[in-house]
>>> print(open('target_8.csv').read())   # CSV, C-alpha atoms
chain,number,residue,atom,x,y,z
F,1451,MET,CA,40.4,60.3,86.8
F,1452,SER,CA,43.8,60.7,85.1
F,1453,ILE,CA,43.2,63.8,82.9
F,1454,GLY,CA,46.7,63.3,81.3
F,1455,HIS,CA,45.9,59.8,80.2
F,1456,THR,CA,42.5,60.7,79.0
F,1457,LEU,CA,43.8,63.6,76.9
F,1458,LEU,CA,46.5,61.4,75.5
F,1459,GLY,CA,43.9,58.8,74.6
F,1460,LEU,CA,41.9,61.5,72.8
F,1461,LEU,CA,45.0,62.5,70.8
F,1462,GLU,CA,45.5,59.0,69.5
F,1463,SER,CA,42.9,59.5,66.7
F,1464,GLY,CA,44.9,62.5,65.4
F,1465,PRO,CA,46.5,65.8,66.3
F,1466,ARG,CA,44.3,68.4,67.9
F,1467,HIS,CA,44.4,72.0,69.3
F,1468,GLY,CA,44.1,72.5,73.1
F,1469,TYR,CA,40.6,73.9,72.5
F,1470,ASP,CA,39.5,70.8,70.5
F,1471,LEU,CA,40.8,68.6,73.2
F,1472,LYS,CA,38.8,70.4,75.9
F,1473,ARG,CA,35.7,70.1,73.7
F,1474,ALA,CA,36.2,66.4,73.0
F,1475,PHE,CA,36.8,65.8,76.8
F,1476,ASP,CA,33.7,67.7,77.8
F,1477,GLU,CA,31.5,65.9,75.3
F,1478,GLN,CA,32.6,62.4,76.4
F,1479,PHE,CA,33.3,62.9,80.1
F,1480,GLY,CA,32.6,66.4,81.3
F,1481,HIS,CA,28.8,66.0,82.1
F,1482,ASP,CA,29.3,67.2,85.6
F,1483,ARG,CA,32.6,69.0,85.5
F,1484,PRO,CA,33.8,70.4,82.3
F,1485,LEU,CA,37.6,70.9,82.1
F,1486,HIS,CA,39.1,74.4,82.7
F,1487,TYR,CA,41.3,75.7,79.9
F,1488,GLY,CA,44.0,76.1,82.5
F,1489,GLN,CA,43.9,72.4,83.3
F,1490,VAL,CA,44.2,71.5,79.6
F,1491,TYR,CA,47.3,73.7,79.1
F,1492,SER,CA,49.0,72.8,82.3
F,1493,THR,CA,48.4,69.1,81.5
F,1494,MET,CA,49.7,69.5,77.9
F,1495,SER,CA,52.9,71.3,79.0
F,1496,ARG,CA,53.6,68.4,81.4
F,1497,LEU,CA,53.0,65.8,78.6
F,1498,LEU,CA,55.2,67.9,76.4
F,1499,LYS,CA,58.0,68.0,78.9
F,1500,ASN,CA,57.7,64.2,79.4
F,1501,GLY,CA,57.9,63.6,75.7
F,1502,LEU,CA,54.5,62.0,75.4
F,1503,VAL,CA,53.3,64.7,73.0
F,1504,VAL,CA,54.9,67.1,70.5
F,1505,VAL,CA,53.8,70.4,69.1
F,1506,ASP,CA,52.6,69.6,65.6
F,1507,GLY,CA,52.0,73.1,64.5
F,1508,VAL,CA,51.3,76.6,65.7
F,1509,GLU,CA,48.7,79.0,64.3
F,1510,SER,CA,49.0,82.6,65.1
F,1511,GLY,CA,46.1,84.8,64.4
F,1512,GLY,CA,44.7,87.8,66.0
F,1513,GLY,CA,44.3,86.1,69.4
F,1514,PRO,CA,46.8,84.0,71.4
F,1515,GLU,CA,48.8,81.5,69.4
F,1516,ARG,CA,47.2,78.1,69.1
F,1517,LYS,CA,49.3,75.0,69.5
F,1518,ARG,CA,48.4,71.8,67.8
F,1519,TYR,CA,49.5,68.7,69.7
F,1520,ALA,CA,50.3,65.2,68.4
F,1521,ILE,CA,50.9,62.0,70.4
F,1522,THR,CA,54.3,60.4,70.3
F,1523,ASP,CA,55.2,56.7,70.3
F,1524,SER,CA,55.9,56.8,74.0
F,1525,GLY,CA,52.6,58.6,74.5
F,1526,ILE,CA,50.9,55.7,72.8
F,1527,THR,CA,52.8,53.2,75.0
F,1528,ASP,CA,51.7,55.2,78.0
F,1529,VAL,CA,48.0,55.0,77.1
F,1530,ALA,CA,48.3,51.3,76.5
F,1531,GLN,CA,50.0,50.8,79.9
F,1532,TRP,CA,47.3,52.9,81.6
F,1533,LEU,CA,44.5,50.8,80.0
F,1534,ALA,CA,46.1,47.5,80.9
F,1535,GLN,CA,46.7,48.5,84.5
F,1536,PRO,CA,43.6,47.6,86.7
F,1537,GLU,CA,42.3,50.4,88.9
F,1538,SER,CA,43.0,49.8,92.6
F,1539,PRO,CA,39.7,48.7,94.2
F,1540,ASP,CA,39.2,51.2,97.0
F,1541,SER,CA,38.3,49.7,100.2
F,1542,TYR,CA,37.1,52.8,102.1
F,1543,LEU,CA,38.2,51.2,105.4
F,1544,GLN,CA,38.2,54.5,107.2
F,1545,SER,CA,34.8,55.8,106.3
F,1546,THR,CA,33.5,59.0,107.8
F,1547,LEU,CA,30.1,57.5,108.3
F,1548,TYR,CA,31.6,54.6,110.4
F,1549,THR,CA,33.5,57.1,112.5
F,1550,LYS,CA,30.3,59.2,113.0
F,1551,VAL,CA,28.4,56.1,114.1
F,1552,VAL,CA,31.1,55.2,116.7
F,1553,ILE,CA,31.3,58.7,118.0
F,1554,ALA,CA,27.5,58.8,118.3
F,1555,LEU,CA,27.5,55.6,120.3
F,1556,LEU,CA,30.4,56.7,122.5
F,1557,THR,CA,28.8,60.0,123.3
F,1558,GLY,CA,25.3,58.6,123.8
F,1559,ARG,CA,23.8,60.3,120.8
F,1560,GLY,CA,21.3,58.6,118.4
F,1561,ALA,CA,23.3,56.4,116.0
F,1562,ALA,CA,20.1,55.0,114.5
F,1563,GLU,CA,18.8,58.5,113.8
F,1564,LEU,CA,22.2,59.4,112.2
F,1565,LEU,CA,21.8,56.4,109.9
F,1566,ASP,CA,18.2,57.3,109.1
F,1567,THR,CA,19.2,60.8,108.1
F,1568,GLN,CA,22.0,59.4,105.9
F,1569,ARG,CA,19.6,56.9,104.3
F,1570,ALA,CA,17.3,59.8,103.4
F,1571,ALA,CA,20.1,61.8,101.9
F,1572,HIS,CA,21.4,58.9,99.9
F,1573,LEU,CA,17.9,58.1,98.6
F,1574,ARG,CA,17.4,61.8,97.6
F,1575,ARG,CA,20.6,61.7,95.6
F,1576,MET,CA,19.5,58.3,94.0
F,1577,ARG,CA,16.2,59.8,93.0
F,1578,GLU,CA,18.0,62.7,91.2
F,1579,LEU,CA,20.2,60.3,89.4
F,1580,THR,CA,17.3,58.0,88.5
F,1581,ALA,CA,15.4,61.0,87.1
F,1582,ARG,CA,18.4,62.2,85.1
F,1583,LYS,CA,19.0,58.7,83.8
F,1584,GLN,CA,15.4,58.5,82.5
F,1585,ARG,CA,15.9,61.7,80.6
F,1586,GLY,CA,19.4,61.1,79.4
F,1587,ASP,CA,21.2,59.2,76.6
F,1588,LEU,CA,23.1,56.0,77.0
F,1589,ALA,CA,26.3,57.8,78.2
F,1590,ASP,CA,24.3,59.6,80.8
F,1591,GLN,CA,22.6,56.3,81.8
F,1592,LEU,CA,25.9,54.5,82.3
F,1593,ILE,CA,27.4,57.4,84.3
F,1594,CYS,CA,24.4,57.6,86.5
F,1595,ASP,CA,24.3,53.8,87.0
F,1596,HIS,CA,27.9,53.8,88.2
F,1597,ALA,CA,27.0,56.3,90.8
F,1598,LEU,CA,23.7,54.5,91.7
F,1599,PHE,CA,25.4,51.2,92.3
F,1600,HIS,CA,28.0,52.8,94.6
F,1601,LEU,CA,25.3,54.6,96.5
F,1602,GLU,CA,23.3,51.4,96.8
F,1603,ALA,CA,26.4,49.7,98.2
F,1604,ASP,CA,26.7,52.4,100.9
F,1605,LEU,CA,23.0,51.8,101.7
F,1606,ARG,CA,23.5,48.1,102.1
F,1607,TRP,CA,26.3,48.8,104.5
F,1608,LEU,CA,24.1,51.3,106.3
F,1609,GLU,CA,21.3,48.7,106.7
F,1610,LEU,CA,23.7,46.1,108.0
F,1611,THR,CA,25.1,48.6,110.5
F,1612,ALA,CA,21.6,49.7,111.6
F,1613,ALA,CA,20.8,46.0,112.3
F,1614,ARG,CA,24.0,45.6,114.4
F,1615,LEU,CA,24.0,48.8,116.3
F,1616,ASP,CA,23.3,47.2,119.7
F,1617,ARG,CA,26.3,44.8,119.3
F,1618,LEU,CA,28.5,47.6,118.1
F,1619,ALA,CA,27.5,49.8,121.0
F,1620,ALA,CA,28.4,47.1,123.5
F,1621,GLU,CA,31.8,46.6,121.8
F,1622,VAL,CA,32.9,50.2,121.5
F,1623,ARG,CA,31.8,51.0,125.0
F,1624,ALA,CA,33.6,48.0,126.5
A,1348,MET,CA,-0.7,64.0,111.0
A,1349,THR,CA,-3.1,63.3,108.1
A,1350,PRO,CA,-2.0,65.5,105.2
A,1351,ALA,CA,-4.9,67.1,103.4
A,1352,GLY,CA,-6.0,65.6,100.1
A,1353,SER,CA,-4.7,62.1,101.0
A,1354,LEU,CA,-6.2,59.2,99.1
A,1355,LEU,CA,-5.3,56.5,101.5
A,1356,VAL,CA,-4.5,57.0,105.1
A,1357,ALA,CA,-3.5,54.6,107.9
A,1358,ASP,CA,-3.2,55.6,111.5
A,1359,GLY,CA,-1.8,53.7,114.4
A,1360,LEU,CA,-1.9,50.2,112.8
A,1361,ARG,CA,-1.1,47.3,115.0
A,1362,LYS,CA,-1.1,43.7,114.0
A,1363,THR,CA,0.2,40.6,115.8
A,1364,TYR,CA,0.8,37.2,114.4
A,1365,GLY,CA,0.7,34.8,117.4
A,1366,ARG,CA,3.0,36.5,119.9
A,1367,THR,CA,5.0,38.3,117.2
A,1368,PRO,CA,4.1,41.9,116.6
A,1369,ALA,CA,4.3,42.6,112.9
A,1370,LEU,CA,3.0,46.2,113.1
A,1371,ASP,CA,3.4,48.3,116.2
A,1372,GLY,CA,1.8,51.6,115.6
A,1373,VAL,CA,2.4,52.4,111.9
A,1374,SER,CA,1.0,55.5,110.2
A,1375,PHE,CA,1.0,56.1,106.5
A,1376,SER,CA,-0.6,58.4,103.9
A,1377,ILE,CA,-0.5,58.7,100.1
A,1378,HIS,CA,-1.8,61.3,97.6
A,1379,PRO,CA,-3.2,60.6,94.1
A,1380,GLY,CA,-0.3,60.3,91.6
A,1381,GLU,CA,2.3,59.8,94.3
A,1382,VAL,CA,4.7,56.9,94.5
A,1383,VAL,CA,5.7,56.0,98.0
A,1384,ALA,CA,8.3,53.4,98.8
A,1385,VAL,CA,7.9,51.2,101.9
A,1386,MET,CA,11.4,50.1,102.8
A,1387,GLY,CA,12.9,48.0,105.6
A,1388,PRO,CA,14.7,44.8,106.3
A,1389,SER,CA,13.1,41.4,105.9
A,1390,GLY,CA,10.5,40.7,108.6
A,1391,SER,CA,10.1,44.4,109.4
A,1392,GLY,CA,6.4,44.4,108.7
A,1393,LYS,CA,6.5,45.9,105.1
A,1394,SER,CA,4.3,43.3,103.5
A,1395,THR,CA,1.9,43.3,106.5
A,1396,LEU,CA,1.5,47.0,106.1
A,1397,LEU,CA,0.7,46.6,102.4
A,1398,HIS,CA,-1.9,43.9,103.2
A,1399,CYS,CA,-3.5,46.1,105.8
A,1400,LEU,CA,-3.6,49.1,103.5
A,1401,ALA,CA,-5.1,47.0,100.7
A,1402,GLY,CA,-7.8,45.6,103.0
A,1403,ILE,CA,-6.5,42.1,102.6
A,1404,VAL,CA,-5.7,41.8,106.3
A,1405,SER,CA,-7.5,43.5,109.1
A,1406,PRO,CA,-5.3,45.2,111.7
A,1407,ASP,CA,-5.8,44.4,115.4
A,1408,ALA,CA,-5.9,48.1,116.1
A,1409,GLY,CA,-5.8,51.4,114.1
A,1410,THR,CA,-7.6,52.5,111.0
A,1411,VAL,CA,-7.2,52.5,107.3
A,1412,THR,CA,-9.2,55.2,105.5
A,1413,TYR,CA,-9.7,55.2,101.7
A,1414,ARG,CA,-11.3,58.3,100.2
A,1415,GLY,CA,-12.9,59.0,103.5
A,1416,ARG,CA,-14.3,55.5,104.0
A,1417,GLU,CA,-12.9,53.4,106.8
A,1418,LEU,CA,-11.9,50.0,105.3
A,1419,THR,CA,-11.7,48.3,108.6
A,1420,GLY,CA,-15.5,48.9,109.1
A,1421,LEU,CA,-16.6,47.7,105.7
A,1422,PRO,CA,-18.3,44.3,105.2
A,1423,ASP,CA,-16.1,41.7,103.4
A,1424,ALA,CA,-18.1,41.9,100.1
A,1425,GLU,CA,-17.6,45.7,99.9
A,1426,ARG,CA,-14.0,45.4,100.7
A,1427,SER,CA,-13.5,42.8,97.9
A,1428,ALA,CA,-15.4,45.0,95.4
A,1429,LEU,CA,-13.2,47.9,96.3
A,1430,ARG,CA,-10.1,45.8,95.8
A,1431,ARG,CA,-11.3,44.7,92.4
A,1432,THR,CA,-12.3,48.1,91.1
A,1433,GLU,CA,-10.1,50.7,92.8
A,1434,PHE,CA,-6.9,48.8,93.6
A,1435,GLY,CA,-4.4,47.1,91.4
A,1436,PHE,CA,-1.8,44.5,92.5
A,1437,VAL,CA,1.7,43.6,91.3
A,1438,PHE,CA,3.6,40.9,93.1
A,1439,GLN,CA,7.2,39.6,93.0
A,1440,PHE,CA,6.2,36.7,90.8
A,1441,GLY,CA,3.5,38.0,88.4
A,1442,ARG,CA,0.9,35.4,89.5
A,1443,LEU,CA,-0.6,35.3,86.0
A,1444,VAL,CA,-3.0,32.5,85.1
A,1445,PRO,CA,-0.8,30.0,83.2
A,1446,GLU,CA,-3.7,28.6,81.1
A,1447,LEU,CA,-4.6,32.0,79.7
A,1448,THR,CA,-2.8,34.0,77.1
A,1449,CYS,CA,-1.2,37.3,78.1
A,1450,VAL,CA,-4.0,39.4,76.6
A,1451,GLU,CA,-6.6,37.1,78.3
A,1452,ASN,CA,-4.7,37.6,81.6
A,1453,VAL,CA,-4.8,41.4,81.3
A,1454,ALA,CA,-8.5,41.3,80.3
A,1455,LEU,CA,-9.4,39.1,83.2
A,1456,PRO,CA,-10.0,41.8,85.9
A,1457,LEU,CA,-12.2,43.7,83.3
A,1458,ARG,CA,-14.2,40.5,82.5
A,1459,LEU,CA,-14.7,39.9,86.3
A,1460,GLY,CA,-16.0,43.5,86.4
A,1461,GLY,CA,-18.6,42.6,83.8
A,1462,VAL,CA,-17.0,43.9,80.6
A,1463,LYS,CA,-17.7,41.8,77.5
A,1464,ARG,CA,-14.9,39.8,76.0
A,1465,ARG,CA,-14.1,41.8,72.9
A,1466,PRO,CA,-14.0,45.3,74.5
A,1467,ALA,CA,-12.1,43.8,77.5
A,1468,GLU,CA,-9.4,42.3,75.2
A,1469,ARG,CA,-9.2,45.4,73.1
A,1470,ALA,CA,-8.5,47.5,76.2
A,1471,ALA,CA,-6.1,44.8,77.4
A,1472,LEU,CA,-4.2,45.0,74.2
A,1473,GLU,CA,-3.8,48.7,74.6
A,1474,TRP,CA,-2.3,48.2,78.0
A,1475,LEU,CA,0.1,45.6,76.6
A,1476,GLU,CA,1.1,48.2,74.0
A,1477,ARG,CA,1.8,50.8,76.7
A,1478,LEU,CA,3.9,48.3,78.6
A,1479,GLU,CA,5.7,47.4,75.3
A,1480,VAL,CA,4.7,43.7,75.4
A,1481,ASP,CA,1.9,43.6,72.8
A,1482,THR,CA,4.1,41.2,70.8
A,1483,VAL,CA,3.5,38.4,73.3
A,1484,ALA,CA,-0.3,39.1,73.5
A,1485,THR,CA,-1.3,35.6,72.3
A,1486,GLN,CA,1.4,33.7,74.1
A,1487,ARG,CA,1.0,31.9,77.4
A,1488,LEU,CA,3.1,32.5,80.5
A,1489,GLY,CA,5.5,29.6,79.8
A,1490,GLU,CA,6.4,31.1,76.4
A,1491,VAL,CA,7.5,34.6,77.7
A,1492,SER,CA,10.5,35.8,79.6
A,1493,GLY,CA,10.4,36.8,83.2
A,1494,GLY,CA,10.7,40.5,82.3
A,1495,GLN,CA,7.9,40.2,79.8
A,1496,GLY,CA,5.7,38.3,82.2
A,1497,GLN,CA,6.2,41.0,84.9
A,1498,ARG,CA,5.2,43.7,82.4
A,1499,VAL,CA,2.1,41.7,81.6
A,1500,ALA,CA,1.4,41.6,85.3
A,1501,VAL,CA,1.8,45.4,85.5
A,1502,ALA,CA,-0.6,45.8,82.5
A,1503,ARG,CA,-3.1,43.6,84.3
A,1504,ALA,CA,-2.8,45.7,87.5
A,1505,LEU,CA,-3.4,48.9,85.5
A,1506,ALA,CA,-6.2,47.5,83.3
A,1507,THR,CA,-9.1,48.5,85.6
A,1508,SER,CA,-7.6,52.0,85.9
A,1509,PRO,CA,-7.1,51.6,89.7
A,1510,ARG,CA,-6.6,54.6,91.9
A,1511,VAL,CA,-4.0,52.8,94.0
A,1512,ILE,CA,-1.5,50.2,92.8
A,1513,PHE,CA,0.1,48.0,95.4
A,1514,ALA,CA,3.4,46.6,94.3
A,1515,ASP,CA,5.2,44.1,96.6
A,1516,GLU,CA,8.8,43.6,95.4
A,1517,PRO,CA,7.7,44.0,91.8
A,1518,THR,CA,11.2,43.6,90.4
A,1519,GLY,CA,12.4,41.0,93.0
A,1520,ALA,CA,12.6,38.2,90.4
A,1521,LEU,CA,14.1,40.2,87.6
A,1522,ASP,CA,17.7,41.2,86.6
A,1523,SER,CA,18.6,44.9,86.9
A,1524,LEU,CA,17.9,45.9,83.3
A,1525,ASN,CA,14.5,44.3,83.2
A,1526,GLY,CA,13.7,45.5,86.8
A,1527,GLU,CA,14.4,49.0,85.8
A,1528,ARG,CA,12.3,48.9,82.7
A,1529,VAL,CA,9.4,47.6,84.8
A,1530,MET,CA,9.8,50.4,87.3
A,1531,GLU,CA,10.1,53.0,84.6
A,1532,LEU,CA,6.9,51.8,82.9
A,1533,LEU,CA,5.0,51.3,86.1
A,1534,THR,CA,5.8,54.7,87.6
A,1535,ARG,CA,5.4,56.6,84.3
A,1536,THR,CA,2.0,55.1,83.6
A,1537,ALA,CA,0.9,55.5,87.2
A,1538,ARG,CA,1.8,59.2,87.2
A,1539,ALA,CA,0.1,59.7,83.8
A,1540,THR,CA,-3.1,58.2,85.2
A,1541,SER,CA,-2.8,59.9,88.6
A,1542,ALA,CA,-2.8,56.5,90.3
A,1543,ALA,CA,-1.0,56.3,93.6
A,1544,VAL,CA,1.7,53.5,94.0
A,1545,VAL,CA,2.5,51.8,97.3
A,1546,LEU,CA,5.8,50.2,96.5
A,1547,VAL,CA,7.2,47.7,98.9
A,1548,THR,CA,10.9,47.1,98.3
A,1549,HIS,CA,14.1,46.4,100.1
A,1550,GLU,CA,16.2,47.6,97.1
A,1551,ALA,CA,17.3,51.2,97.2
A,1552,ARG,CA,17.6,51.4,93.4
A,1553,VAL,CA,14.0,50.5,93.1
A,1554,ALA,CA,13.0,52.9,95.8
A,1555,ALA,CA,14.7,55.6,93.9
A,1556,TYR,CA,11.8,55.6,91.4
A,1557,SER,CA,9.5,56.8,94.3
A,1558,ASP,CA,8.7,60.3,95.3
A,1559,ARG,CA,9.5,59.6,99.0
A,1560,GLU,CA,10.0,56.7,101.3
A,1561,ILE,CA,8.9,55.4,104.7
A,1562,VAL,CA,11.1,53.0,106.5
A,1563,VAL,CA,9.5,50.2,108.6
A,1564,ARG,CA,11.7,48.8,111.3
A,1565,ASP,CA,10.5,46.4,114.0
A,1566,GLY,CA,6.9,47.2,113.1
A,1567,ARG,CA,7.3,50.9,113.4
A,1568,SER,CA,7.4,53.5,110.6
A,1569,HIS,CA,10.0,56.1,110.2
A,1570,ALA,CA,8.9,58.7,107.7
A,1571,SER,CA,11.7,60.8,106.3
A,1572,GLU,CA,9.1,63.4,105.3
A,1573,PHE,CA,8.4,64.2,108.9
A,1574,ALA,CA,12.0,64.1,110.0
A,1575,VAL,CA,13.5,67.5,110.7
>>> encode(input="target_8.csv", output="structure tokens")
Amino acid sequence: MSIGHTLLGLLESGPRHGYDLKRAFDEQFGHDRPLHYGQVYSTMSRLLKNGLVVVDGVESGGGPERKRYAITDSGITDVAQWLAQPESPDSYLQSTLYTKVVIALLTGRGAAELLDTQRAAHLRRMRELTARKQRGDLADQLICDHALFHLEADLRWLELTAARLDRLAAEVRA
Amino acid sequence: MTPAGSLLVADGLRKTYGRTPALDGVSFSIHPGEVVAVMGPSGSGKSTLLHCLAGIVSPDAGTVTYRGRELTGLPDAERSALRRTEFGFVFQFGRLVPELTCVENVALPLRLGGVKRRPAERAALEWLERLEVDTVATQRLGEVSGGQGQRVAVARALATSPRVIFADEPTGALDSLNGERVMELLTRTARATSAAVVLVTHEARVAAYSDREIVVRDGRSHASEFAV
């Protein structure tokens, strides 16, 4: 995920302090991995240097001084470009699992067992996500669904590979 | 290999159709309140296993034991009675009776068990409420959506308070949203009533509602619970 673009997008609704930005980010997207303060400040100084945000005000109290950031016109253009640009569909052409299957076949180890173990691990993770989804709100459900659909795709590949192991063995050993 | 406290246990099941072995030494067990997914590619023997476990099909070899009684040795009439009172069934296409309303469909297994019409329909309506389809109680199959029809089918399977629910691709004909709702309601209700669910599916996202899975491939079972 592009943290810079996400923070910029959050700034579009109005200027915020670094701390507010972190909180808004965590609320919307940080279910699994909340942002570190360090990440926020290093990202903001990069955005500042590139002219995508400006410092809108500084509060100095007892603690460290708190900068308030505002998005610039080029910042807004940057967010618009980011949203308009499709994400590159990853093709995972060099998957570790495929490599493991080939090595197992080449070394005479059990490729079918390897796939069984992987299926069990995938299903375990899918159970956790399904349970979390049932407890969670809509945001949680959609995040979990995204992960579930990807894991399901892995499993479909895994079943297909399991069904073609004999042919693959003949080809890689040829 | 039989875990203590099992409700339904199968051991060394073999079944051949013509010269094609459908099951080639499958073992299985399930506890009360447990949801076990039976997974595997098409033609792997999943449905044959379910039919053997439910006493619909007799295996050529091996045993199926339900609460200490061997199904394979029971006379047909006793096996049918067991299926009617202790087991519930949900199939890919609900298999509801199209001439009856939804509430009459759900009341049907109770009526067949000797319950009078009013109490049977009252109980049926409660099940429809639990499955969130009481609004279609007086409608017939042709008037309800696929998702609603399947929930009615689940209500019918649960109406006799079975100890084991056999579900064969219960969401196979539904879109993901409806399929998930059916799975949520089926597994939640089964767990609340301590019913065991044997869930045949080839879909991983459906299997993710289970507590564990066994994989049937070429008529043999691979249980991840025993894998070390």
>>> closest_residue(input="target_8.csv", among="F:Asn1500, F:Thr1522, F:Gln1478, F:Gln1489", to="Gly1464 in chain F", atoms="all atoms listed in the file")
F:Thr1522
>>> closest_atom_pairs(input="target_8.csv", of="chain F", to="chain A", cutoff="7 Å", atoms="only C-alpha atoms", output="JSON lines")
{"residue": "F:Ala1570", "atom": "CA", "partner": "A:Ser1571", "partner_atom": "CA", "distance": 6.4}
{"residue": "F:Leu1573", "atom": "CA", "partner": "A:Ala1555", "partner_atom": "CA", "distance": 6.2}
{"residue": "F:Met1576", "atom": "CA", "partner": "A:Ala1555", "partner_atom": "CA", "distance": 5.5}
{"residue": "F:Arg1577", "atom": "CA", "partner": "A:Ala1555", "partner_atom": "CA", "distance": 4.5}
{"residue": "F:Thr1580", "atom": "CA", "partner": "A:Ala1555", "partner_atom": "CA", "distance": 6.5}
{"residue": "F:Glu1602", "atom": "CA", "partner": "A:Ala1551", "partner_atom": "CA", "distance": 6.0}
>>> residues_around(input="target_8.csv", residues="Leu1505 in chain A", least_positions_apart="2", cutoff="10 Å", atoms="all atoms listed in the file", output="ChimeraX atom specification")
/A:1434-1437,1453,1456,1471,1474,1499-1503,1507-1512,1533,1536-1537,1540,1542
>>> write_last_selection(input="target_8.csv", atoms="C-alpha atoms", output="tab-separated table (two decimals), keeping the file's coordinate frame")
chain	number	residue	atom	x	y	z
A	1434	PHE	CA	-6.90	48.80	93.60
A	1435	GLY	CA	-4.40	47.10	91.40
A	1436	PHE	CA	-1.80	44.50	92.50
A	1437	VAL	CA	1.70	43.60	91.30
A	1453	VAL	CA	-4.80	41.40	81.30
A	1456	PRO	CA	-10.00	41.80	85.90
A	1471	ALA	CA	-6.10	44.80	77.40
A	1474	TRP	CA	-2.30	48.20	78.00
A	1499	VAL	CA	2.10	41.70	81.60
A	1500	ALA	CA	1.40	41.60	85.30
A	1501	VAL	CA	1.80	45.40	85.50
A	1502	ALA	CA	-0.60	45.80	82.50
A	1503	ARG	CA	-3.10	43.60	84.30
A	1507	THR	CA	-9.10	48.50	85.60
A	1508	SER	CA	-7.60	52.00	85.90
A	1509	PRO	CA	-7.10	51.60	89.70
A	1510	ARG	CA	-6.60	54.60	91.90
A	1511	VAL	CA	-4.00	52.80	94.00
A	1512	ILE	CA	-1.50	50.20	92.80
A	1533	LEU	CA	5.00	51.30	86.10
A	1536	THR	CA	2.00	55.10	83.60
A	1537	ALA	CA	0.90	55.50	87.20
A	1540	THR	CA	-3.10	58.20	85.20
A	1542	ALA	CA	-2.80	56.50	90.30
>>> atom_distance(input="target_8.csv", atom1="CA of Lys1393 in chain A", atom2="CA of Glu1381 in chain A")
18.1 Å
>>> atom_distance(input="target_8.csv", atom1="CA of Glu1578 in chain F", atom2="CA of Ala1612 in chain F")
24.5 Å
>>> atom_distance(input="target_8.csv", atom1="CA of Leu1601 in chain F", atom2="CA of Gly1459 in chain F")
29.0 Å
>>> residues_around(input="target_8.csv", residues="Ile1521 in chain F", least_positions_apart="6", cutoff="7 Å", atoms="only C-alpha atoms", output="mmCIF file with C-alpha atoms, keeping the file's coordinate frame")
data_model
loop_
_atom_site.group_PDB
_atom_site.id
_atom_site.type_symbol
_atom_site.label_atom_id
_atom_site.label_comp_id
_atom_site.auth_asym_id
_atom_site.auth_seq_id
_atom_site.Cartn_x
_atom_site.Cartn_y
_atom_site.Cartn_z
ATOM 1 C CA LEU F 1458 46.500 61.400 75.500
ATOM 2 C CA LEU F 1461 45.000 62.500 70.800
ATOM 3 C CA GLU F 1462 45.500 59.000 69.500
ATOM 4 C CA LEU F 1502 54.500 62.000 75.400
ATOM 5 C CA VAL F 1503 53.300 64.700 73.000
ATOM 6 C CA VAL F 1504 54.900 67.100 70.500
#
